[in-house]
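One file, work.csv, is given below (CSV, C-alpha atoms).
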chain,number,residue,atom,x,y,z
T,1,MET,CA,0.0,0.0,0.0
T,2,ARG,CA,2.8,2.4,1.0
T,3,LYS,CA,4.7,1.6,-2.2
T,4,ALA,CA,1.6,2.2,-4.4
T,5,LEU,CA,1.1,5.5,-2.7
T,6,ALA,CA,4.7,6.6,-3.2
T,7,VAL,CA,4.5,5.6,-6.9
T,8,ALA,CA,1.2,7.6,-7.3
T,9,VAL,CA,2.8,10.7,-5.6
T,10,LEU,CA,5.9,10.4,-7.8
T,11,ALA,CA,3.8,10.1,-11.0
T,12,LEU,CA,1.7,13.1,-10.0
T,13,SER,CA,4.7,15.3,-9.3
T,14,LEU,CA,6.3,14.3,-12.6
T,15,SER,CA,3.2,14.9,-14.6
T,16,SER,CA,2.6,18.3,-13.0
T,17,GLY,CA,6.3,19.2,-13.6
T,18,LEU,CA,5.8,18.5,-17.3
T,19,THR,CA,2.7,20.7,-17.6
T,20,ALA,CA,3.5,23.6,-15.4
T,21,ALA,CA,5.6,26.4,-16.9
T,22,PRO,CA,8.7,27.4,-14.9
T,23,PRO,CA,8.4,30.8,-13.4
T,24,ILE,CA,10.9,33.6,-13.9
T,25,THR,CA,13.9,33.2,-11.7
T,26,GLU,CA,13.9,35.0,-8.3
T,27,GLN,CA,16.8,37.1,-9.4
T,28,GLU,CA,15.0,38.2,-12.6
T,29,ARG,CA,11.9,39.1,-10.5
T,30,GLN,CA,13.9,41.1,-7.9
T,31,ARG,CA,15.9,43.0,-10.6
T,32,LEU,CA,12.7,44.0,-12.4
T,33,LEU,CA,11.0,45.0,-9.2
T,34,ALA,CA,14.0,47.1,-8.3
T,35,HIS,CA,13.9,48.9,-11.7
T,36,LEU,CA,10.1,49.5,-11.4
T,37,ASP,CA,10.6,51.0,-7.9
T,38,MET,CA,13.5,53.1,-9.1
T,39,THR,CA,11.6,54.7,-12.0
T,40,ALA,CA,8.5,55.4,-10.0
T,41,ALA,CA,10.5,57.1,-7.3
T,42,TRP,CA,12.5,59.1,-9.8
T,43,LEU,CA,9.4,60.3,-11.7
T,44,ALA,CA,7.7,61.4,-8.5
T,45,ASP,CA,10.8,63.3,-7.4
T,46,GLU,CA,11.2,65.1,-10.8
T,47,VAL,CA,7.7,66.4,-11.0
T,48,ALA,CA,7.1,67.2,-7.3
T,49,GLY,CA,6.1,70.8,-6.8
T,50,LEU,CA,6.1,71.9,-10.4
T,51,SER,CA,3.9,74.9,-11.3
T,52,ALA,CA,1.5,75.0,-14.1
T,53,ALA,CA,3.9,77.1,-16.1
T,54,GLN,CA,6.7,74.6,-15.6
T,55,LEU,CA,4.5,71.7,-16.6
T,56,ALA,CA,3.4,73.5,-19.8
T,57,PHE,CA,6.9,74.8,-20.8
T,58,HIS,CA,8.1,73.6,-24.3
T,59,PRO,CA,11.9,73.8,-24.8
T,60,ALA,CA,11.1,74.1,-28.6
T,61,PRO,CA,7.9,74.2,-30.6
T,62,ASP,CA,8.3,70.6,-31.7
T,63,GLU,CA,9.4,69.3,-28.3
T,64,TRP,CA,7.1,68.0,-25.5
T,65,SER,CA,6.4,69.7,-22.3
T,66,ILE,CA,6.6,67.9,-19.0
T,67,ALA,CA,2.8,67.6,-18.9
T,68,GLU,CA,2.9,66.0,-22.3
T,69,VAL,CA,5.6,63.5,-21.1
T,70,LEU,CA,3.3,62.6,-18.2
T,71,GLU,CA,0.3,62.2,-20.5
T,72,HIS,CA,2.3,59.9,-22.8
T,73,LEU,CA,3.4,57.8,-19.8
T,74,VAL,CA,-0.2,57.5,-18.7
T,75,MET,CA,-1.3,56.5,-22.2
T,76,VAL,CA,1.3,53.9,-22.8
T,77,GLY,CA,1.0,52.4,-19.3
T,78,GLN,CA,-2.3,50.9,-20.4
T,79,ILE,CA,-1.2,50.0,-23.9
T,80,TYR,CA,2.0,48.3,-22.8
T,81,TRP,CA,-0.1,46.3,-20.2
T,82,GLU,CA,-2.4,45.2,-22.9
T,83,ASP,CA,0.5,44.1,-25.1
T,84,LEU,CA,1.8,42.1,-22.3
T,85,GLN,CA,-1.5,40.4,-21.6
T,86,THR,CA,-1.9,39.6,-25.3
T,87,ALA,CA,1.5,37.9,-25.3
T,88,LEU,CA,0.6,35.9,-22.2
T,89,LYS,CA,-2.6,34.6,-23.7
T,90,GLN,CA,-0.7,33.0,-26.5
T,91,PRO,CA,0.7,29.5,-26.0
T,92,PRO,CA,4.3,29.3,-24.9
T,93,GLY,CA,6.7,29.1,-27.8
T,94,ASP,CA,10.3,28.8,-28.8
T,95,GLN,CA,10.7,32.2,-30.6
T,96,ARG,CA,13.9,33.9,-29.7
T,97,SER,CA,14.0,37.5,-28.7
T,98,ARG,CA,15.9,39.9,-31.0
T,99,MET,CA,16.9,41.9,-27.9
T,100,THR,CA,19.1,41.3,-24.9
T,101,ASP,CA,18.2,42.3,-21.3
T,102,ALA,CA,21.3,44.6,-21.4
T,103,GLY,CA,20.0,46.2,-24.5
T,104,VAL,CA,16.7,46.9,-22.9
T,105,LEU,CA,18.5,48.5,-20.0
T,106,TRP,CA,20.6,50.7,-22.3
T,107,TYR,CA,17.3,51.8,-24.0
T,108,GLY,CA,16.4,53.5,-20.7
T,109,ILE,CA,19.8,55.2,-20.4
T,110,ASP,CA,20.9,56.2,-23.8
T,111,ARG,CA,18.9,59.2,-25.1
T,112,THR,CA,21.4,59.9,-28.0
T,113,TRP,CA,19.0,57.9,-30.1
T,114,ARG,CA,15.5,59.2,-30.2
T,115,ASP,CA,12.6,57.0,-31.4
T,116,PRO,CA,9.6,59.1,-32.1
T,117,ALA,CA,6.3,58.0,-30.5
T,118,ILE,CA,3.8,56.3,-32.8
T,119,PRO,CA,0.7,58.4,-33.5
T,120,THR,CA,-1.6,56.5,-31.1
T,121,GLU,CA,0.9,57.2,-28.3
T,122,ARG,CA,1.5,60.9,-28.8
T,123,PRO,CA,0.0,63.2,-26.2
T,124,ALA,CA,-2.9,65.3,-27.2
T,125,GLY,CA,-2.3,68.1,-24.7
T,126,LYS,CA,-5.3,67.1,-22.5
T,127,LEU,CA,-3.4,66.7,-19.2
T,128,HIS,CA,-3.4,69.7,-17.0
T,129,ASP,CA,-3.7,68.3,-13.4
T,130,LEU,CA,-0.4,66.9,-12.1
T,131,ARG,CA,-2.1,65.1,-9.2
T,132,VAL,CA,-4.6,63.3,-11.6
T,133,ALA,CA,-1.7,62.4,-13.9
T,134,LEU,CA,0.4,60.9,-11.2
T,135,GLU,CA,-2.5,58.9,-9.8
T,136,SER,CA,-3.2,57.4,-13.2
T,137,TYR,CA,0.5,56.7,-13.8
T,138,ARG,CA,0.8,55.0,-10.4
T,139,LYS,CA,-2.3,52.9,-11.0
T,140,HIS,CA,-0.8,51.4,-14.2
T,141,HIS,CA,2.7,51.1,-12.7
T,142,GLU,CA,1.5,49.4,-9.5
T,143,ARG,CA,-0.6,46.9,-11.5
T,144,LEU,CA,2.5,45.8,-13.4
T,145,ARG,CA,4.6,45.7,-10.2
T,146,GLN,CA,2.1,43.5,-8.4
T,147,TYR,CA,1.9,41.2,-11.4
T,148,ILE,CA,5.7,40.8,-11.5
T,149,ALA,CA,5.9,40.4,-7.7
T,150,THR,CA,3.4,37.4,-7.7
T,151,THR,CA,3.4,35.8,-11.2
T,152,ARG,CA,4.3,32.2,-11.8
T,153,ASP,CA,4.1,32.7,-15.6
T,154,ASP,CA,7.1,31.8,-17.7
T,155,LEU,CA,7.7,35.2,-19.2
T,156,ARG,CA,10.6,34.0,-21.2
T,157,ALA,CA,8.4,31.6,-23.2
T,158,HIS,CA,5.9,34.3,-24.3
T,159,PHE,CA,6.6,36.6,-27.2
T,160,VAL,CA,5.6,40.3,-27.6
T,161,GLU,CA,5.3,40.6,-31.4
T,162,ARG,CA,5.5,44.4,-31.4
T,163,GLN,CA,9.0,44.5,-30.0
T,164,LYS,CA,10.1,41.0,-31.0
T,165,SER,CA,11.0,40.5,-27.4
T,166,ASP,CA,10.0,38.0,-24.7
T,167,ALA,CA,7.4,39.1,-22.1
T,168,TYR,CA,10.0,39.6,-19.4
T,169,GLN,CA,11.9,42.0,-21.6
T,170,TRP,CA,8.7,43.8,-22.5
T,171,ALA,CA,7.9,44.3,-18.8
T,172,LEU,CA,11.4,45.6,-18.2
T,173,LEU,CA,11.1,47.8,-21.3
T,174,THR,CA,8.0,49.3,-19.8
T,175,SER,CA,10.1,50.5,-16.9
T,176,THR,CA,13.1,51.5,-18.9
T,177,HIS,CA,10.8,53.5,-21.2
T,178,GLU,CA,9.7,55.4,-18.1
T,179,GLN,CA,13.3,55.9,-17.2
T,180,ARG,CA,14.0,57.5,-20.7
T,181,HIS,CA,11.2,60.0,-20.0
T,182,VAL,CA,12.5,60.8,-16.5
T,183,LEU,CA,15.7,61.7,-18.3
T,184,GLN,CA,13.7,63.8,-20.8
T,185,ILE,CA,12.0,65.7,-17.9
T,186,ARG,CA,15.5,66.4,-16.5
T,187,GLU,CA,16.6,67.8,-19.8
T,188,ILE,CA,13.5,70.0,-20.0
T,189,LYS,CA,14.2,71.4,-16.5
T,190,LYS,CA,17.8,72.2,-17.4
T,191,ASP,CA,16.7,74.4,-20.3
T,192,ALA,CA,17.9,78.0,-19.8
T,193,LYS,CA,14.3,79.2,-20.5
T,194,PHE,CA,12.6,76.8,-18.0
T,195,PRO,CA,10.4,78.9,-15.7
T,196,LYS,CA,11.7,79.6,-12.2
T,197,LYS,CA,8.2,79.1,-10.8

With the file now loaded, output its structure as structure tokens.
Amino acid sequence: MRKALAVAVLALSLSSGLTAAPPITEQERQRLLAHLDMTAAWLADEVAGLSAAQLAFHPAPDEWSIAEVLEHLVMVGQIYWEDLQTALKQPPGDQRSRMTDAGVLWYGIDRTWRDPAIPTERPAGKLHDLRVALESYRKHHERLRQYIATTRDDLRAHFVERQKSDAYQWALLTSTHEQRHVLQIREIKKDAKFPKK
């Protein structure tokens, strides 16, 4: 009886091991959570206490204001989440990402190369309330953070077609994209014509 039970338990554990996707590693999880926490804190610090004039300032006619940067981040927070969910609904595959994790990290740092926003992600100048913008941003950001903190999904086995990346890299890119725009906000604030108040 005991031997039959042991065989049954072994068979069950082996079969469940074959069907369950492995989660991301704990190191991958912690690194992504650290990046998400960093970008959220940086963004909050950079926009704290800005006046309406500072939020609306354009360094040049064809360059975004800080308010437009925030509006863009609010818009893409939802879009990027939907892209991630679409990828996760697909069956796991063996497609290889055309990106590296290091490349995704450099995307957040290197603003010498500017990739213009696609038309559906360009701000329309409708954001005028900093508090409302930050609340919307935090809602999207925290939803992604909570997902990463708890998921058992194999993010490496799901592919985000838009970026030709795996789902882990797409989640990381969501955060490094925010980092790029934090750097953009810093550039705007350093402009010689940036309002003092």

**Prompt:** Taking into account all atoms listed in the file, which residue in the set T:Val47, T:Ile148, T:Asp94, T:Ala133 is nearest to Gln27 of chain T?
**Reply:**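 Going through T:Val47, T:Ile148, T:Asp94, T:Ala133 one by one, the smallest distance to Gln27 of chain T is for T:Ile148.
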
**Prompt:** Looking at only C-alpha atoms, which of T:Ala67, T:Leu130, T:Ala149, T:Ala60 is the one that sits closest to Gln30 of chain T?
**Reply:**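 Using only C-alpha atoms, Gln30 of chain T sits closest to T:Ala149.
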
**atom CA of Glu135 of chain T to atom CA of Ala34 of chain T, distance in Å rounded to a single decimal** =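 We find that atom CA of Glu135 of chain T and atom CA of Ala34 of chain T lie 20.3 Å from each other.
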
Give me, as JSON lines, each residue of segment 17-79 of chain T that comes within 7 Å of segment 164-180 of chain T, together with its shortest interatomic pair and the distance in Å at one decimal, counting all atoms listed in the file, with rows ordered by chain and rising residue number.
{"residue": "T:Leu32", "atom": "CA", "partner": "T:Leu172", "partner_atom": "CA", "distance": 6.2}
{"residue": "T:His35", "atom": "CA", "partner": "T:Ser175", "partner_atom": "CA", "distance": 6.6}
{"residue": "T:Leu36", "atom": "CA", "partner": "T:Ser175", "partner_atom": "CA", "distance": 5.6}
{"residue": "T:Thr39", "atom": "CA", "partner": "T:Gln179", "partner_atom": "CA", "distance": 5.6}
{"residue": "T:Leu73", "atom": "CA", "partner": "T:Glu178", "partner_atom": "CA", "distance": 7.0}

**Message:** Measuring between all atoms listed in the file, which one of T:Glu161, T:Ala124, T:Leu155, T:Gln146 shows the shortest distance to Val74 of chain T?
**Reply:** T:Ala124

**Asked** For Thr100 of chain T, which of T:Lys126, T:Lys197, T:Lys189, T:Arg156 is the closest residue, counting all atoms listed in the file?
**Response** T:Arg156

**Request:** Have a look at atom CA of Gly103 of chain T and atom CA of Glu28 of chain T and let me know their distance in Å, one decimal.
**Result:**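 Computing it gives 15.2 Å between the two atoms.
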
**Message:** Would you compute the distance between atom CA of Tyr80 of chain T and atom CA of Arg31 of chain T? Give it in Å to one decimal.
**Reply:**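 Taking atom CA of Tyr80 of chain T as the start and atom CA of Arg31 of chain T as the end point, the length is 19.2 Å.
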
Could you pull out every residue with an atom within 8 Å of (8.7, 32.8, -29.4), file coordinates, counting all atoms listed in the file, and send them as an mmCIF file with C-alpha atoms, in the coordinates of the input?
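To be explicit, this is the file written out as part_13.cif:
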data_model
loop_
_atom_site.group_PDB
_atom_site.id
_atom_site.type_symbol
_atom_site.label_atom_id
_atom_site.label_comp_id
_atom_site.auth_asym_id
_atom_site.auth_seq_id
_atom_site.Cartn_x
_atom_site.Cartn_y
_atom_site.Cartn_z
ATOM 1 C CA PRO T 92 4.300 29.300 -24.900
ATOM 2 C CA GLY T 93 6.700 29.100 -27.800
ATOM 3 C CA ASP T 94 10.300 28.800 -28.800
ATOM 4 C CA GLN T 95 10.700 32.200 -30.600
ATOM 5 C CA ARG T 96 13.900 33.900 -29.700
ATOM 6 C CA SER T 97 14.000 37.500 -28.700
ATOM 7 C CA ALA T 157 8.400 31.600 -23.200
ATOM 8 C CA HIS T 158 5.900 34.300 -24.300
ATOM 9 C CA PHE T 159 6.600 36.600 -27.200
ATOM 10 C CA ASP T 166 10.000 38.000 -24.700
#

**Request:** Skip Pro195 of chain T itself and residues of its chain fewer than 5 positions away, then list as JSON, numbers by chain all residues within 8 Å of it, counting all atoms listed in the file.
**Result:** {"T": [53, 54, 57]}

Starting from the incomplete input, reconstruct N, CA and C atoms of segment 122-156 of chain T and report them as a PDB file, keeping the file's coordinate frame.
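Written output follows (rebuild.pdb):
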ATOM      1  N   ARG T 122       1.030  59.505 -28.964  1.00  0.00           N
ATOM      2  CA  ARG T 122       1.500  60.900 -28.800  1.00  0.00           C
ATOM      3  C   ARG T 122       0.452  61.653 -27.947  1.00  0.00           C
ATOM      4  N   PRO T 123       0.949  62.472 -27.026  1.00  0.00           N
ATOM      5  CA  PRO T 123       0.000  63.200 -26.200  1.00  0.00           C
ATOM      6  C   PRO T 123      -0.802  64.220 -26.955  1.00  0.00           C
ATOM      7  N   ALA T 124      -2.023  64.427 -26.482  1.00  0.00           N
ATOM      8  CA  ALA T 124      -2.900  65.300 -27.200  1.00  0.00           C
ATOM      9  C   ALA T 124      -3.054  66.680 -26.433  1.00  0.00           C
ATOM     10  N   GLY T 125      -2.256  66.871 -25.398  1.00  0.00           N
ATOM     11  CA  GLY T 125      -2.300  68.100 -24.700  1.00  0.00           C
ATOM     12  C   GLY T 125      -3.522  68.254 -23.759  1.00  0.00           C
ATOM     13  N   LYS T 126      -4.063  67.123 -23.324  1.00  0.00           N
ATOM     14  CA  LYS T 126      -5.300  67.100 -22.500  1.00  0.00           C
ATOM     15  C   LYS T 126      -5.005  67.070 -21.007  1.00  0.00           C
ATOM     16  N   LEU T 127      -3.762  66.870 -20.649  1.00  0.00           N
ATOM     17  CA  LEU T 127      -3.400  66.700 -19.200  1.00  0.00           C
ATOM     18  C   LEU T 127      -3.027  68.050 -18.641  1.00  0.00           C
ATOM     19  N   HIS T 128      -3.749  68.465 -17.603  1.00  0.00           N
ATOM     20  CA  HIS T 128      -3.400  69.700 -17.000  1.00  0.00           C
ATOM     21  C   HIS T 128      -3.311  69.646 -15.464  1.00  0.00           C
ATOM     22  N   ASP T 129      -3.682  68.513 -14.898  1.00  0.00           N
ATOM     23  CA  ASP T 129      -3.700  68.300 -13.400  1.00  0.00           C
ATOM     24  C   ASP T 129      -2.585  67.315 -13.076  1.00  0.00           C
ATOM     25  N   LEU T 130      -1.527  67.786 -12.425  1.00  0.00           N
ATOM     26  CA  LEU T 130      -0.400  66.900 -12.100  1.00  0.00           C
ATOM     27  C   LEU T 130      -0.840  65.786 -11.143  1.00  0.00           C
ATOM     28  N   ARG T 131      -1.695  66.089 -10.172  1.00  0.00           N
ATOM     29  CA  ARG T 131      -2.100  65.100  -9.200  1.00  0.00           C
ATOM     30  C   ARG T 131      -2.873  63.936  -9.930  1.00  0.00           C
ATOM     31  N   VAL T 132      -3.786  64.303 -10.822  1.00  0.00           N
ATOM     32  CA  VAL T 132      -4.600  63.300 -11.600  1.00  0.00           C
ATOM     33  C   VAL T 132      -3.630  62.464 -12.436  1.00  0.00           C
ATOM     34  N   ALA T 133      -2.671  63.130 -13.078  1.00  0.00           N
ATOM     35  CA  ALA T 133      -1.700  62.400 -13.900  1.00  0.00           C
ATOM     36  C   ALA T 133      -0.918  61.399 -13.149  1.00  0.00           C
ATOM     37  N   LEU T 134      -0.410  61.821 -11.998  1.00  0.00           N
ATOM     38  CA  LEU T 134       0.400  60.900 -11.200  1.00  0.00           C
ATOM     39  C   LEU T 134      -0.435  59.752 -10.640  1.00  0.00           C
ATOM     40  N   GLU T 135      -1.666  60.009 -10.279  1.00  0.00           N
ATOM     41  CA  GLU T 135      -2.500  58.900  -9.800  1.00  0.00           C
ATOM     42  C   GLU T 135      -2.763  57.893 -10.904  1.00  0.00           C
ATOM     43  N   SER T 136      -3.007  58.369 -12.112  1.00  0.00           N
ATOM     44  CA  SER T 136      -3.200  57.400 -13.200  1.00  0.00           C
ATOM     45  C   SER T 136      -1.948  56.667 -13.531  1.00  0.00           C
ATOM     46  N   TYR T 137      -0.815  57.362 -13.526  1.00  0.00           N
ATOM     47  CA  TYR T 137       0.500  56.700 -13.800  1.00  0.00           C
ATOM     48  C   TYR T 137       0.707  55.616 -12.706  1.00  0.00           C
ATOM     49  N   ARG T 138       0.514  55.974 -11.448  1.00  0.00           N
ATOM     50  CA  ARG T 138       0.800  55.000 -10.400  1.00  0.00           C
ATOM     51  C   ARG T 138      -0.125  53.798 -10.446  1.00  0.00           C
ATOM     52  N   LYS T 139      -1.365  53.994 -10.863  1.00  0.00           N
ATOM     53  CA  LYS T 139      -2.300  52.900 -11.000  1.00  0.00           C
ATOM     54  C   LYS T 139      -1.752  51.842 -11.989  1.00  0.00           C
ATOM     55  N   HIS T 140      -1.325  52.310 -13.169  1.00  0.00           N
ATOM     56  CA  HIS T 140      -0.800  51.400 -14.200  1.00  0.00           C
ATOM     57  C   HIS T 140       0.528  50.770 -13.708  1.00  0.00           C
ATOM     58  N   HIS T 141       1.375  51.605 -13.113  1.00  0.00           N
ATOM     59  CA  HIS T 141       2.700  51.100 -12.700  1.00  0.00           C
ATOM     60  C   HIS T 141       2.553  50.079 -11.579  1.00  0.00           C
ATOM     61  N   GLU T 142       1.672  50.345 -10.622  1.00  0.00           N
ATOM     62  CA  GLU T 142       1.500  49.400  -9.500  1.00  0.00           C
ATOM     63  C   GLU T 142       0.876  48.086  -9.966  1.00  0.00           C
ATOM     64  N   ARG T 143      -0.012  48.160 -10.952  1.00  0.00           N
ATOM     65  CA  ARG T 143      -0.600  46.900 -11.500  1.00  0.00           C
ATOM     66  C   ARG T 143       0.489  46.031 -12.061  1.00  0.00           C
ATOM     67  N   LEU T 144       1.412  46.607 -12.832  1.00  0.00           N
ATOM     68  CA  LEU T 144       2.500  45.800 -13.400  1.00  0.00           C
ATOM     69  C   LEU T 144       3.417  45.313 -12.271  1.00  0.00           C
ATOM     70  N   ARG T 145       3.699  46.164 -11.292  1.00  0.00           N
ATOM     71  CA  ARG T 145       4.600  45.700 -10.200  1.00  0.00           C
ATOM     72  C   ARG T 145       3.994  44.567  -9.434  1.00  0.00           C
ATOM     73  N   GLN T 146       2.702  44.631  -9.141  1.00  0.00           N
ATOM     74  CA  GLN T 146       2.100  43.500  -8.400  1.00  0.00           C
ATOM     75  C   GLN T 146       2.065  42.247  -9.221  1.00  0.00           C
ATOM     76  N   TYR T 147       1.864  42.373 -10.504  1.00  0.00           N
ATOM     77  CA  TYR T 147       1.900  41.200 -11.400  1.00  0.00           C
ATOM     78  C   TYR T 147       3.300  40.552 -11.314  1.00  0.00           C
ATOM     79  N   ILE T 148       4.331  41.364 -11.488  1.00  0.00           N
ATOM     80  CA  ILE T 148       5.700  40.800 -11.500  1.00  0.00           C
ATOM     81  C   ILE T 148       6.035  40.222 -10.116  1.00  0.00           C
ATOM     82  N   ALA T 149       5.572  40.846  -9.047  1.00  0.00           N
ATOM     83  CA  ALA T 149       5.900  40.400  -7.700  1.00  0.00           C
ATOM     84  C   ALA T 149       5.269  38.987  -7.410  1.00  0.00           C
ATOM     85  N   THR T 150       4.180  38.656  -8.101  1.00  0.00           N
ATOM     86  CA  THR T 150       3.400  37.400  -7.700  1.00  0.00           C
ATOM     87  C   THR T 150       3.344  36.392  -8.857  1.00  0.00           C
ATOM     88  N   THR T 151       3.689  36.749 -10.084  1.00  0.00           N
ATOM     89  CA  THR T 151       3.400  35.800 -11.200  1.00  0.00           C
ATOM     90  C   THR T 151       4.221  34.545 -11.109  1.00  0.00           C
ATOM     91  N   ARG T 152       3.599  33.488 -11.590  1.00  0.00           N
ATOM     92  CA  ARG T 152       4.300  32.200 -11.800  1.00  0.00           C
ATOM     93  C   ARG T 152       4.393  31.925 -13.294  1.00  0.00           C
ATOM     94  N   ASP T 153       4.035  32.906 -14.122  1.00  0.00           N
ATOM     95  CA  ASP T 153       4.100  32.700 -15.600  1.00  0.00           C
ATOM     96  C   ASP T 153       5.558  32.642 -16.041  1.00  0.00           C
ATOM     97  N   ASP T 154       5.791  31.867 -17.066  1.00  0.00           N
ATOM     98  CA  ASP T 154       7.100  31.800 -17.700  1.00  0.00           C
ATOM     99  C   ASP T 154       7.192  32.923 -18.724  1.00  0.00           C
ATOM    100  N   LEU T 155       7.667  34.053 -18.285  1.00  0.00           N
ATOM    101  CA  LEU T 155       7.700  35.200 -19.200  1.00  0.00           C
ATOM    102  C   LEU T 155       8.697  35.095 -20.292  1.00  0.00           C
ATOM    103  N   ARG T 156       9.636  34.197 -20.165  1.00  0.00           N
ATOM    104  CA  ARG T 156      10.600  34.000 -21.200  1.00  0.00           C
ATOM    105  C   ARG T 156      10.028  33.186 -22.399  1.00  0.00           C
TER     106      ARG T 156
END
